[in-house]
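Structure file my_file.csv; described as CSV, C-alpha atoms.
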```csv
chain,number,residue,atom,x,y,z
A,1,MET,CA,-23.9,147.8,51.8
A,2,LYS,CA,-23.2,150.4,54.4
A,3,LYS,CA,-19.6,149.1,54.6
A,4,THR,CA,-19.2,149.5,50.8
A,5,ILE,CA,-20.6,153.1,50.8
A,6,ARG,CA,-18.3,154.0,53.8
A,7,ASN,CA,-15.2,152.8,51.9
A,8,ILE,CA,-16.2,154.5,48.7
A,9,GLY,CA,-16.5,157.7,50.7
A,10,LEU,CA,-13.0,157.1,52.2
A,11,PHE,CA,-11.6,156.5,48.7
A,12,PHE,CA,-12.9,159.8,47.3
A,13,ALA,CA,-11.9,161.7,50.4
A,14,ALA,CA,-8.3,160.4,50.0
A,15,ALA,CA,-8.4,161.3,46.4
A,16,LEU,CA,-9.2,164.9,47.3
A,17,LEU,CA,-6.6,165.1,50.0
A,18,PHE,CA,-3.7,163.6,48.2
A,19,THR,CA,-2.6,164.6,44.7
A,20,ASN,CA,-0.9,162.0,42.6
A,21,ILE,CA,2.4,163.4,41.4
A,22,GLY,CA,5.2,161.5,39.7
A,23,CYS,CA,8.9,161.9,40.4
A,24,SER,CA,12.1,161.5,38.5
A,25,ASN,CA,14.7,161.4,41.3
A,26,GLY,CA,13.5,158.2,43.1
A,27,THR,CA,11.8,160.0,46.0
A,28,ALA,CA,8.0,159.7,46.1
A,29,THR,CA,5.8,162.8,46.6
A,30,THR,CA,5.0,163.3,50.3
A,31,PRO,CA,2.0,165.1,51.7
A,32,VAL,CA,3.4,168.0,53.8
A,33,LYS,CA,0.5,168.9,56.1
A,34,TYR,CA,2.0,167.1,59.1
A,35,SER,CA,5.4,165.8,60.0
A,36,GLU,CA,5.6,162.1,60.7
A,37,THR,CA,5.9,162.7,64.4
A,38,LYS,CA,2.6,164.7,64.6
A,39,ALA,CA,0.5,163.0,61.9
A,40,PRO,CA,-2.9,161.7,62.9
A,41,ARG,CA,-3.8,158.0,62.6
A,42,GLY,CA,-4.6,157.0,59.0
A,43,TYR,CA,-2.6,159.9,57.6
A,44,GLN,CA,-1.1,158.9,54.2
A,45,VAL,CA,2.6,159.6,54.5
A,46,PHE,CA,3.4,158.3,51.0
A,47,GLU,CA,0.8,157.8,48.2
A,48,TYR,CA,3.4,156.0,46.1
A,49,LEU,CA,6.9,154.9,46.9
A,50,GLY,CA,9.8,156.0,44.6
A,51,VAL,CA,12.9,153.8,44.1
A,52,ASN,CA,15.7,154.1,41.6
A,53,GLY,CA,14.0,156.9,39.7
A,54,LEU,CA,10.6,155.1,39.4
A,55,ILE,CA,7.4,155.2,41.4
A,56,PHE,CA,5.4,152.0,42.1
A,57,ASP,CA,1.7,151.3,42.4
A,58,LYS,CA,0.4,149.7,45.5
A,59,THR,CA,3.1,151.2,47.8
A,60,GLY,CA,1.2,153.8,49.9
A,61,GLU,CA,2.1,154.2,53.6
A,62,VAL,CA,-0.1,155.3,56.4
A,63,VAL,CA,0.4,156.3,60.1
A,64,VAL,CA,-0.8,153.9,62.6
A,65,SER,CA,-1.1,155.5,66.1
A,66,PRO,CA,-3.2,154.7,69.2
A,67,TYR,CA,-5.5,157.7,68.9
A,68,SER,CA,-4.8,161.0,67.3
A,69,MET,CA,-2.1,163.5,66.5
A,70,GLY,CA,0.4,163.9,69.3
A,71,LYS,CA,-0.2,160.7,71.1
A,72,ARG,CA,3.1,159.1,71.5
A,73,SER,CA,2.2,155.7,73.0
A,74,PHE,CA,-0.6,153.8,74.6
A,75,THR,CA,-0.5,150.8,76.9
A,76,PHE,CA,-3.6,148.6,76.9
A,77,THR,CA,-4.8,145.3,78.2
A,78,ASP,CA,-6.8,143.4,75.6
A,79,ASN,CA,-10.0,141.6,76.7
A,80,SER,CA,-11.4,140.6,73.3
A,81,ALA,CA,-10.9,136.9,74.0
A,82,TYR,CA,-9.5,135.3,70.9
A,83,THR,CA,-10.4,131.9,72.4
A,84,SER,CA,-13.6,132.2,70.4
A,85,TYR,CA,-11.5,131.8,67.2
A,86,TYR,CA,-8.6,129.8,68.4
A,87,ASP,CA,-8.4,126.8,70.7
A,88,GLU,CA,-5.9,127.5,73.4
A,89,SER,CA,-4.9,123.8,73.3
A,90,ASP,CA,-3.6,124.3,69.8
A,91,ILE,CA,0.1,124.5,70.4
A,92,SER,CA,0.8,125.4,66.8
A,93,THR,CA,-0.7,128.8,67.4
A,94,SER,CA,1.0,131.5,69.5
A,95,PHE,CA,-1.3,134.2,70.9
A,96,GLN,CA,-0.3,137.8,70.7
A,97,PHE,CA,-3.4,139.5,72.3
A,98,MET,CA,-4.6,137.0,74.9
A,99,SER,CA,-7.0,138.4,77.4
A,100,GLY,CA,-5.1,140.1,80.2
A,101,LYS,CA,-1.9,140.7,78.2
A,102,THR,CA,-0.5,144.2,78.4
A,103,VAL,CA,1.1,145.6,75.2
A,104,GLU,CA,2.6,149.1,74.6
A,105,ILE,CA,2.1,150.5,71.1
A,106,SER,CA,3.9,153.7,69.8
A,107,PRO,CA,3.0,155.3,66.5
A,108,PHE,CA,4.5,153.7,63.4
A,109,ILE,CA,4.2,153.8,59.7
A,110,MET,CA,2.8,150.8,57.8
A,111,GLY,CA,2.5,149.9,54.1
A,112,GLN,CA,-1.1,149.9,52.9
A,113,TYR,CA,-0.4,146.8,50.7
A,114,GLU,CA,1.7,143.7,50.8
A,115,VAL,CA,5.0,144.2,49.1
A,116,THR,CA,4.6,143.6,45.4
A,117,ARG,CA,6.7,141.5,43.1
A,118,THR,CA,7.6,144.6,41.0
A,119,LEU,CA,8.9,146.6,44.0
A,120,PHE,CA,10.9,143.7,45.3
A,121,LYS,CA,12.5,143.0,42.0
A,122,ASN,CA,13.4,146.7,41.4
A,123,VAL,CA,15.1,146.8,44.8
A,124,MET,CA,16.8,143.4,44.8
A,125,GLY,CA,17.3,142.7,41.1
A,126,PHE,CA,15.4,139.4,41.1
A,127,ASP,CA,12.0,138.0,41.8
A,128,PRO,CA,11.9,134.8,43.9
A,129,SER,CA,8.1,134.3,43.6
A,130,TYR,CA,6.7,130.9,42.7
A,131,PHE,CA,3.7,132.4,41.0
A,132,GLN,CA,5.1,133.8,37.8
A,133,GLY,CA,3.0,133.2,34.7
A,134,THR,CA,1.8,129.7,33.9
A,135,ASN,CA,3.6,127.6,36.6
A,136,TYR,CA,0.5,125.6,37.4
A,137,GLY,CA,-0.5,125.1,33.8
A,138,GLU,CA,2.9,123.6,33.1
A,139,GLU,CA,2.9,121.5,36.3
A,140,PHE,CA,-0.4,119.9,35.7
A,141,SER,CA,0.1,119.3,32.0
A,142,THR,CA,3.6,117.8,32.1
A,143,ASP,CA,4.0,116.2,35.5
A,144,LYS,CA,0.6,114.7,36.2
A,145,GLY,CA,-1.0,114.0,32.9
A,146,GLN,CA,-3.1,115.9,30.3
A,147,LEU,CA,-5.8,118.4,31.1
A,148,ARG,CA,-9.3,117.4,30.1
A,149,GLY,CA,-10.7,120.1,27.8
A,150,GLU,CA,-9.0,123.4,27.3
A,151,ILE,CA,-8.2,125.4,30.5
A,152,ASN,CA,-6.2,128.5,30.0
A,153,PHE,CA,-4.3,128.9,33.2
A,154,ASN,CA,-3.3,132.4,32.1
A,155,GLU,CA,-6.9,133.5,32.6
A,156,TYR,CA,-6.5,132.9,36.3
A,157,ASN,CA,-3.5,135.3,36.5
A,158,PHE,CA,-1.1,132.9,38.1
A,159,GLY,CA,1.5,135.5,38.8
A,160,LYS,CA,1.3,137.4,35.5
A,161,ASP,CA,0.5,140.7,37.2
A,162,THR,CA,3.5,142.0,39.1
A,163,THR,CA,1.3,143.8,41.6
A,164,MET,CA,0.7,140.4,43.1
A,165,PRO,CA,2.5,140.0,46.5
A,166,VAL,CA,6.1,138.7,46.4
A,167,GLU,CA,6.4,135.3,48.0
A,168,ASN,CA,8.7,132.2,48.2
A,169,LEU,CA,11.1,134.3,50.3
A,170,SER,CA,14.0,133.1,52.4
A,171,LEU,CA,14.3,134.8,55.8
A,172,LEU,CA,17.6,136.4,54.7
A,173,MET,CA,15.9,137.8,51.6
A,174,VAL,CA,13.3,139.4,53.8
A,175,VAL,CA,15.8,141.2,56.0
A,176,GLY,CA,18.1,142.1,53.0
A,177,PHE,CA,15.2,143.7,51.2
A,178,CYS,CA,14.3,145.8,54.2
A,179,ASN,CA,17.8,147.0,54.7
A,180,LYS,CA,18.5,147.7,51.0
A,181,LEU,CA,15.3,149.6,50.5
A,182,SER,CA,16.2,151.7,53.6
A,183,MET,CA,19.6,152.6,52.2
A,184,LEU,CA,18.0,153.5,48.8
A,185,LYS,CA,15.6,155.8,50.5
A,186,GLY,CA,18.2,157.4,52.8
A,187,TYR,CA,17.0,155.7,56.0
A,188,ASP,CA,19.0,153.9,58.7
A,189,PRO,CA,18.9,150.1,58.3
A,190,VAL,CA,17.2,148.3,61.2
A,191,TYR,CA,18.6,144.8,60.9
A,192,THR,CA,22.1,143.5,61.4
A,193,CYS,CA,22.9,139.9,60.3
A,194,SER,CA,26.1,138.1,61.2
A,195,ILE,CA,27.7,134.6,61.1
A,196,ASN,CA,30.4,133.7,63.5
A,197,GLY,CA,30.9,137.4,64.4
A,198,SER,CA,31.2,138.6,60.8
A,199,VAL,CA,28.5,141.0,59.6
A,200,LEU,CA,26.8,140.1,56.3
A,201,GLU,CA,26.8,143.0,53.8
A,202,LEU,CA,23.3,142.1,52.6
A,203,HIS,CA,23.1,145.2,50.3
A,204,LYS,CA,25.8,143.6,48.2
A,205,PHE,CA,24.2,140.1,48.0
A,206,THR,CA,23.1,138.7,44.6
A,207,GLU,CA,20.3,136.3,43.9
A,208,ALA,CA,22.9,133.5,43.9
A,209,ASP,CA,24.2,134.6,47.3
A,210,TYR,CA,20.7,134.5,48.8
A,211,LYS,CA,20.2,131.0,47.4
A,212,ASP,CA,23.5,129.7,48.6
A,213,SER,CA,22.9,126.8,51.1
A,214,LYS,CA,25.2,128.5,53.7
A,215,TYR,CA,22.6,131.2,54.0
A,216,SER,CA,19.5,128.9,54.1
A,217,ASN,CA,16.7,129.3,56.6
A,218,GLY,CA,18.2,126.4,58.6
A,219,LYS,CA,21.1,128.6,59.5
A,220,PHE,CA,18.9,130.8,61.7
A,221,PHE,CA,18.3,127.7,63.9
A,222,ALA,CA,21.8,126.1,63.6
A,223,ASN,CA,23.3,124.5,66.7
A,224,SER,CA,26.8,125.4,65.6
A,225,LEU,CA,27.6,129.0,66.4
A,226,SER,CA,30.0,129.1,63.6
A,227,GLU,CA,27.2,128.5,61.1
A,228,LYS,CA,24.3,130.2,62.9
A,229,ILE,CA,22.9,133.4,61.3
A,230,VAL,CA,22.3,135.8,64.1
A,231,ILE,CA,19.9,138.7,63.5
A,232,THR,CA,19.4,141.8,65.7
A,233,ALA,CA,16.9,144.6,65.1
A,234,ASP,CA,17.3,148.2,66.3
A,235,PHE,CA,13.8,149.5,66.4
A,236,SER,CA,15.0,153.0,67.2
A,237,LYS,CA,16.2,153.3,63.6
A,238,ASN,CA,13.9,154.9,61.0
A,239,GLY,CA,14.5,152.3,58.3
A,240,TYR,CA,12.2,149.7,56.8
A,241,ARG,CA,11.4,146.6,58.8
A,242,LEU,CA,8.8,144.0,59.4
A,243,PRO,CA,6.0,144.8,61.8
A,244,THR,CA,6.0,143.2,65.2
A,245,ASN,CA,3.2,140.8,66.1
A,246,ALA,CA,1.6,143.5,68.3
A,247,GLU,CA,1.9,146.2,65.6
A,248,PHE,CA,0.3,143.9,63.0
A,249,ASP,CA,-2.6,142.9,65.2
A,250,PHE,CA,-3.1,146.5,66.4
A,251,ALA,CA,-3.3,147.8,62.8
A,252,ALA,CA,-5.5,145.0,61.6
A,253,LYS,CA,-8.0,145.8,64.4
A,254,GLY,CA,-8.1,149.4,63.3
A,255,GLY,CA,-5.9,150.9,66.0
A,256,ASN,CA,-8.8,152.3,68.1
A,257,ILE,CA,-9.9,150.2,71.1
A,258,ASN,CA,-13.1,152.2,71.4
A,259,ALA,CA,-14.3,151.4,67.9
A,260,PRO,CA,-16.6,148.5,67.2
A,261,GLU,CA,-14.2,146.9,64.8
A,262,TRP,CA,-11.6,146.5,67.6
A,263,LYS,CA,-13.5,143.3,68.5
A,264,TYR,CA,-14.3,142.1,65.0
A,265,ALA,CA,-12.9,138.7,64.0
A,266,PHE,CA,-11.5,140.0,60.7
A,267,PRO,CA,-10.0,143.4,59.7
A,268,GLY,CA,-12.8,145.9,59.4
A,269,ILE,CA,-15.6,143.3,59.4
A,270,GLN,CA,-17.2,140.8,61.8
A,271,SER,CA,-17.6,137.0,61.1
A,272,THR,CA,-20.9,135.7,60.0
A,273,LYS,CA,-20.3,132.3,61.7
A,274,LYS,CA,-19.9,131.1,65.2
A,275,VAL,CA,-16.6,129.4,65.1
A,276,LYS,CA,-16.5,127.2,68.2
A,277,LEU,CA,-19.6,125.0,68.4
A,278,SER,CA,-20.7,122.7,71.2
A,279,ASN,CA,-20.9,119.0,70.3
A,280,SER,CA,-24.7,119.3,70.1
A,281,GLU,CA,-24.6,122.4,67.9
A,282,TYR,CA,-22.2,120.6,65.5
A,283,ASP,CA,-24.3,117.5,65.4
A,284,ALA,CA,-27.4,119.5,64.5
A,285,LEU,CA,-25.7,120.7,61.3
A,286,SER,CA,-26.6,119.1,58.0
A,287,ALA,CA,-23.9,117.1,56.3
A,288,GLU,CA,-23.6,119.9,53.6
A,289,GLU,CA,-23.2,122.6,56.3
A,290,LYS,CA,-20.5,120.5,58.0
A,291,ARG,CA,-18.7,120.0,54.7
A,292,ILE,CA,-18.8,123.6,53.6
A,293,TYR,CA,-18.4,125.6,56.8
A,294,TYR,CA,-16.7,123.5,59.4
A,295,VAL,CA,-13.6,121.3,59.8
A,296,SER,CA,-12.1,119.2,62.5
A,297,GLY,CA,-12.3,121.0,65.9
A,298,HIS,CA,-15.4,122.8,64.7
A,299,GLN,CA,-13.2,125.7,63.4
A,300,ILE,CA,-14.7,127.8,60.7
A,301,ALA,CA,-13.8,126.8,57.1
A,302,GLU,CA,-15.7,129.4,55.2
A,303,ASP,CA,-17.2,132.8,56.0
A,304,ASP,CA,-19.3,135.1,53.8
A,305,ASN,CA,-18.1,138.3,55.4
A,306,LEU,CA,-14.5,137.3,55.2
A,307,ALA,CA,-14.8,137.1,51.4
A,308,GLU,CA,-15.3,140.9,51.3
A,309,VAL,CA,-11.9,141.7,52.9
A,310,ALA,CA,-9.7,138.6,52.1
A,311,TRP,CA,-8.7,136.0,49.7
A,312,TYR,CA,-8.7,132.6,51.4
A,313,SER,CA,-9.5,129.0,50.5
A,314,GLY,CA,-13.2,129.7,50.3
A,315,ASN,CA,-12.9,132.1,47.4
A,316,SER,CA,-9.4,131.5,45.9
A,317,LYS,CA,-9.7,128.2,44.0
A,318,ILE,CA,-10.4,126.9,40.6
A,319,ASP,CA,-11.7,123.5,39.7
A,320,PHE,CA,-10.3,121.5,36.8
A,321,THR,CA,-10.0,117.9,35.6
A,322,PHE,CA,-7.1,116.2,34.0
A,323,VAL,CA,-6.4,112.8,32.6
A,324,THR,CA,-3.6,110.6,34.0
A,325,PRO,CA,-2.2,107.5,32.3
A,326,VAL,CA,-3.1,105.2,35.2
A,327,LEU,CA,-5.9,106.8,37.1
A,328,GLY,CA,-7.9,108.3,34.3
A,329,TYR,CA,-10.0,111.3,35.0
A,330,GLU,CA,-9.0,113.1,38.2
A,331,HIS,CA,-10.7,116.2,39.7
A,332,HIS,CA,-8.6,118.9,41.3
A,333,GLU,CA,-9.0,122.2,43.1
A,334,GLN,CA,-6.2,124.7,43.1
A,335,THR,CA,-5.9,127.8,45.3
A,336,TYR,CA,-3.8,130.8,44.3
A,337,PRO,CA,-3.0,134.4,45.4
A,338,HIS,CA,-4.3,137.6,43.8
A,339,MET,CA,-3.2,141.1,43.1
A,340,THR,CA,-2.9,143.2,46.2
A,341,GLY,CA,-5.6,145.7,47.2
A,342,LEU,CA,-8.6,144.1,45.4
A,343,LYS,CA,-10.6,143.6,48.6
A,344,MET,CA,-12.0,146.2,51.0
A,345,PRO,CA,-9.5,147.8,53.4
A,346,ASN,CA,-10.1,148.3,57.1
A,347,SER,CA,-10.6,151.8,58.7
A,348,LEU,CA,-6.9,152.6,58.4
A,349,ASN,CA,-7.0,151.9,54.6
A,350,LEU,CA,-4.8,148.8,55.0
A,351,TYR,CA,-5.5,146.1,52.5
A,352,ASP,CA,-5.2,142.3,52.7
A,353,MET,CA,-4.5,142.3,56.5
A,354,SER,CA,-6.1,138.9,56.4
A,355,GLY,CA,-5.7,136.4,53.5
A,356,ASN,CA,-4.0,136.6,50.1
A,357,VAL,CA,-0.5,135.7,51.5
A,358,SER,CA,0.4,135.4,55.1
A,359,GLU,CA,2.9,137.9,56.2
A,360,PHE,CA,6.2,137.7,58.1
A,361,THR,CA,6.5,139.6,61.4
A,362,PHE,CA,9.6,139.9,63.6
A,363,SER,CA,9.5,140.5,67.4
A,364,ASP,CA,11.9,138.2,69.3
A,365,LYS,CA,12.0,135.9,66.3
A,366,PHE,CA,10.2,135.4,62.9
A,367,TYR,CA,6.5,134.6,62.8
A,368,PHE,CA,3.9,134.6,60.1
A,369,VAL,CA,0.4,135.9,60.5
A,370,GLY,CA,-2.9,136.7,58.8
A,371,GLY,CA,-3.9,133.5,57.0
A,372,ASN,CA,-3.6,133.1,53.2
A,373,TYR,CA,-5.2,132.1,50.0
A,374,ASP,CA,-4.9,128.4,50.9
A,375,SER,CA,-6.1,128.6,54.6
A,376,ARG,CA,-9.4,128.2,56.3
A,377,ALA,CA,-11.3,131.2,57.6
A,378,CYS,CA,-10.4,130.5,61.2
A,379,TYR,CA,-6.7,131.2,60.4
A,380,ALA,CA,-7.6,134.6,58.9
A,381,ALA,CA,-9.0,135.8,62.2
A,382,ILE,CA,-6.8,138.5,63.9
A,383,GLY,CA,-4.7,137.4,66.8
A,384,GLY,CA,-2.8,134.2,65.9
A,385,ALA,CA,0.8,133.9,64.8
A,386,ASN,CA,2.9,130.9,63.9
A,387,ALA,CA,6.5,130.9,64.9
A,388,ILE,CA,9.0,130.1,62.1
A,389,ASN,CA,11.1,127.2,63.3
A,390,ASN,CA,13.1,124.2,62.0
A,391,SER,CA,10.1,123.0,60.0
A,392,TYR,CA,10.8,125.9,57.7
A,393,SER,CA,14.5,125.4,57.5
A,394,GLU,CA,14.7,123.1,54.4
A,395,GLY,CA,16.4,124.8,51.5
A,396,SER,CA,16.7,128.5,51.1
A,397,VAL,CA,13.1,129.5,50.7
A,398,THR,CA,10.1,129.2,53.0
A,399,SER,CA,6.7,129.2,51.4
A,400,ARG,CA,4.8,130.3,48.3
A,401,SER,CA,2.0,131.5,50.7
A,402,ILE,CA,4.0,133.9,52.8
A,403,GLY,CA,4.9,137.5,51.9
A,404,ILE,CA,5.8,140.7,53.6
A,405,ARG,CA,4.5,144.1,54.6
A,406,LEU,CA,6.7,147.1,55.4
A,407,CYS,CA,6.8,149.2,58.6
A,408,ARG,CA,8.9,152.1,59.8
A,409,THR,CA,9.4,153.4,63.3
A,410,ILE,CA,8.4,157.1,63.7
A,411,VAL,CA,11.5,158.5,65.2
A,412,LYS,CA,10.9,161.5,67.5
A,413,LYS,CA,12.9,164.5,66.3
```

Would you give me this structure, written as structure tokens?
Amino acid sequence: MKKTIRNIGLFFAAALLFTNIGCSNGTATTPVKYSETKAPRGYQVFEYLGVNGLIFDKTGEVVVSPYSMGKRSFTFTDNSAYTSYYDESDISTSFQFMSGKTVEISPFIMGQYEVTRTLFKNVMGFDPSYFQGTNYGEEFSTDKGQLRGEINFNEYNFGKDTTMPVENLSLLMVVGFCNKLSMLKGYDPVYTCSINGSVLELHKFTEADYKDSKYSNGKFFANSLSEKIVITADFSKNGYRLPTNAEFDFAAKGGNINAPEWKYAFPGIQSTKKVKLSNSEYDALSAEEKRIYYVSGHQIAEDDNLAEVAWYSGNSKIDFTFVTPVLGYEHHEQTYPHMTGLKMPNSLNLYDMSGNVSEFTFSDKFYFVGGNYDSRACYAAIGGANAINNSYSEGSVTSRSIGIRLCRTIVKK
């Protein structure tokens, strides 16, 4: 309850500070109290982003900085021990803030929301998302038999609302979107992509180009240099980019190592469950508790507090039954993403930093972080990142459960 009241207070404070003004020339209204280089943490640089003469909902940007106005960088050693949420022997998980690791963070700007379908389409001219309208209704009624009873999949908003996060993206689409948006906004593009020494002019790419097999995800991992897509990032540029792993985790944790939430399991809120149990603790659980809350390895499956800040497998599914010609009645559960910004934000007013869709990051290579609508609670805990590798190289798209969030480097003037 206290958390809810605090966030309501933040909302009305923000409403008083920032006046919502439209624009006609494609540049969003910007608060002018501070320059980007001197703005305090949590300061809203943009309330709405303007592109191509339009402004778009769910596109606000805030400053993420180590402490307060004027602090240029901060080097810290994290001791919050993510081993309580991730098993170090799990080789599928790469740790970004293991105890004892030193990370330097400089102030940067981060999108308050995951990039929406409507923003992506306006910039790129197409929407690659899997969740568009009644995909699932069509899939289950035509491919697998007839639904038992009348279930209107439209009621579950399977992609009808374009403020849902864009997903089903190829790696090249992600980079191309960042660069093209940078150019539209008058910023310097961060990424350079090339094949066999030839730079790809991504701002000229069409949907067909992005889906061409010669630009598939596998080309980022190709053995042949003549086919390999090489990407470089110049973080000194002021254009749009993906956050680094360290930036994402720093922002998700609230950006203040002295605040209680720095050591919370989830963005802005602590877990209600003990994730790693001893064998005796696990054996003492009832069969129902094991089924609902824990999975193999005793990792947490559901968490009551997580549901306040994230969409994950524990609160993102519908149940339905359909009839198949051979098997008869068959029960199914289906998970799905939601509109951005419906859950509580953290102290920096960042939404969906856990759950809904996982998000791409880029440091030395591509990762995805944050858990998603189809993952267990343990994967929504801050601190783990999965590297994109050859297992994601089939075809030209990656996953219907991974989206993006924008960042910009604050360039000192």

Just the residues within 9 Å of A:Tyr43, please, counting all atoms listed in the file, with nothing from its chain fewer than 5 positions along; format it as an mmCIF file with C-alpha atoms, keeping the file's coordinate frame.
```cif
data_model
loop_
_atom_site.group_PDB
_atom_site.id
_atom_site.type_symbol
_atom_site.label_atom_id
_atom_site.label_comp_id
_atom_site.auth_asym_id
_atom_site.auth_seq_id
_atom_site.Cartn_x
_atom_site.Cartn_y
_atom_site.Cartn_z
ATOM 1 C CA TYR A 34 2.000 167.100 59.100
ATOM 2 C CA GLU A 61 2.100 154.200 53.600
ATOM 3 C CA VAL A 62 -0.100 155.300 56.400
ATOM 4 C CA VAL A 63 0.400 156.300 60.100
ATOM 5 C CA VAL A 64 -0.800 153.900 62.600
ATOM 6 C CA LEU A 348 -6.900 152.600 58.400
#
```

| message | With distances taken over only C-alpha atoms, which residue among A:Leu171, A:Lys343, A:Ser278, A:Lys412 lies nearest A:Gly218? | response |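 Looking only at the distances to A:Gly218, the closest residue turns out to be A:Leu171.
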
| message | Report, in Å to a single decimal, how far apart atom CA of A:Gly370 and atom CA of A:Gly384 are. | response | 7.5 Å

| task | Could you tell me how far atom CA of A:Lys317 lies from atom CA of A:Ala301, in Å and to one decimal? | result |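 These two atoms are separated by 13.8 Å.
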
| said: Restricting the calculation to all atoms listed in the file: of A:Phe221, A:Tyr215, A:Tyr336, A:Phe362, which residue gets closest to A:Asp374? | reply: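 With all atoms listed in the file as the atom set, the closest residue is A:Tyr336.
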
| Which neighbours of A:Ser354 fall inside 6 Å, counting all atoms listed in the file, when residues of the same chain fewer than 2 positions from it are skipped, and could you give them as a ChimeraX atom specification? | /A:310,352,370-371,380

Deliver the residues from the most recent selection as a file, using C-alpha atoms, as an mmCIF file, in the coordinates of the input.
```cif
data_model
loop_
_atom_site.group_PDB
_atom_site.id
_atom_site.type_symbol
_atom_site.label_atom_id
_atom_site.label_comp_id
_atom_site.auth_asym_id
_atom_site.auth_seq_id
_atom_site.Cartn_x
_atom_site.Cartn_y
_atom_site.Cartn_z
ATOM 1 C CA ALA A 310 -9.700 138.600 52.100
ATOM 2 C CA ASP A 352 -5.200 142.300 52.700
ATOM 3 C CA GLY A 370 -2.900 136.700 58.800
ATOM 4 C CA GLY A 371 -3.900 133.500 57.000
ATOM 5 C CA ALA A 380 -7.600 134.600 58.900
#
```
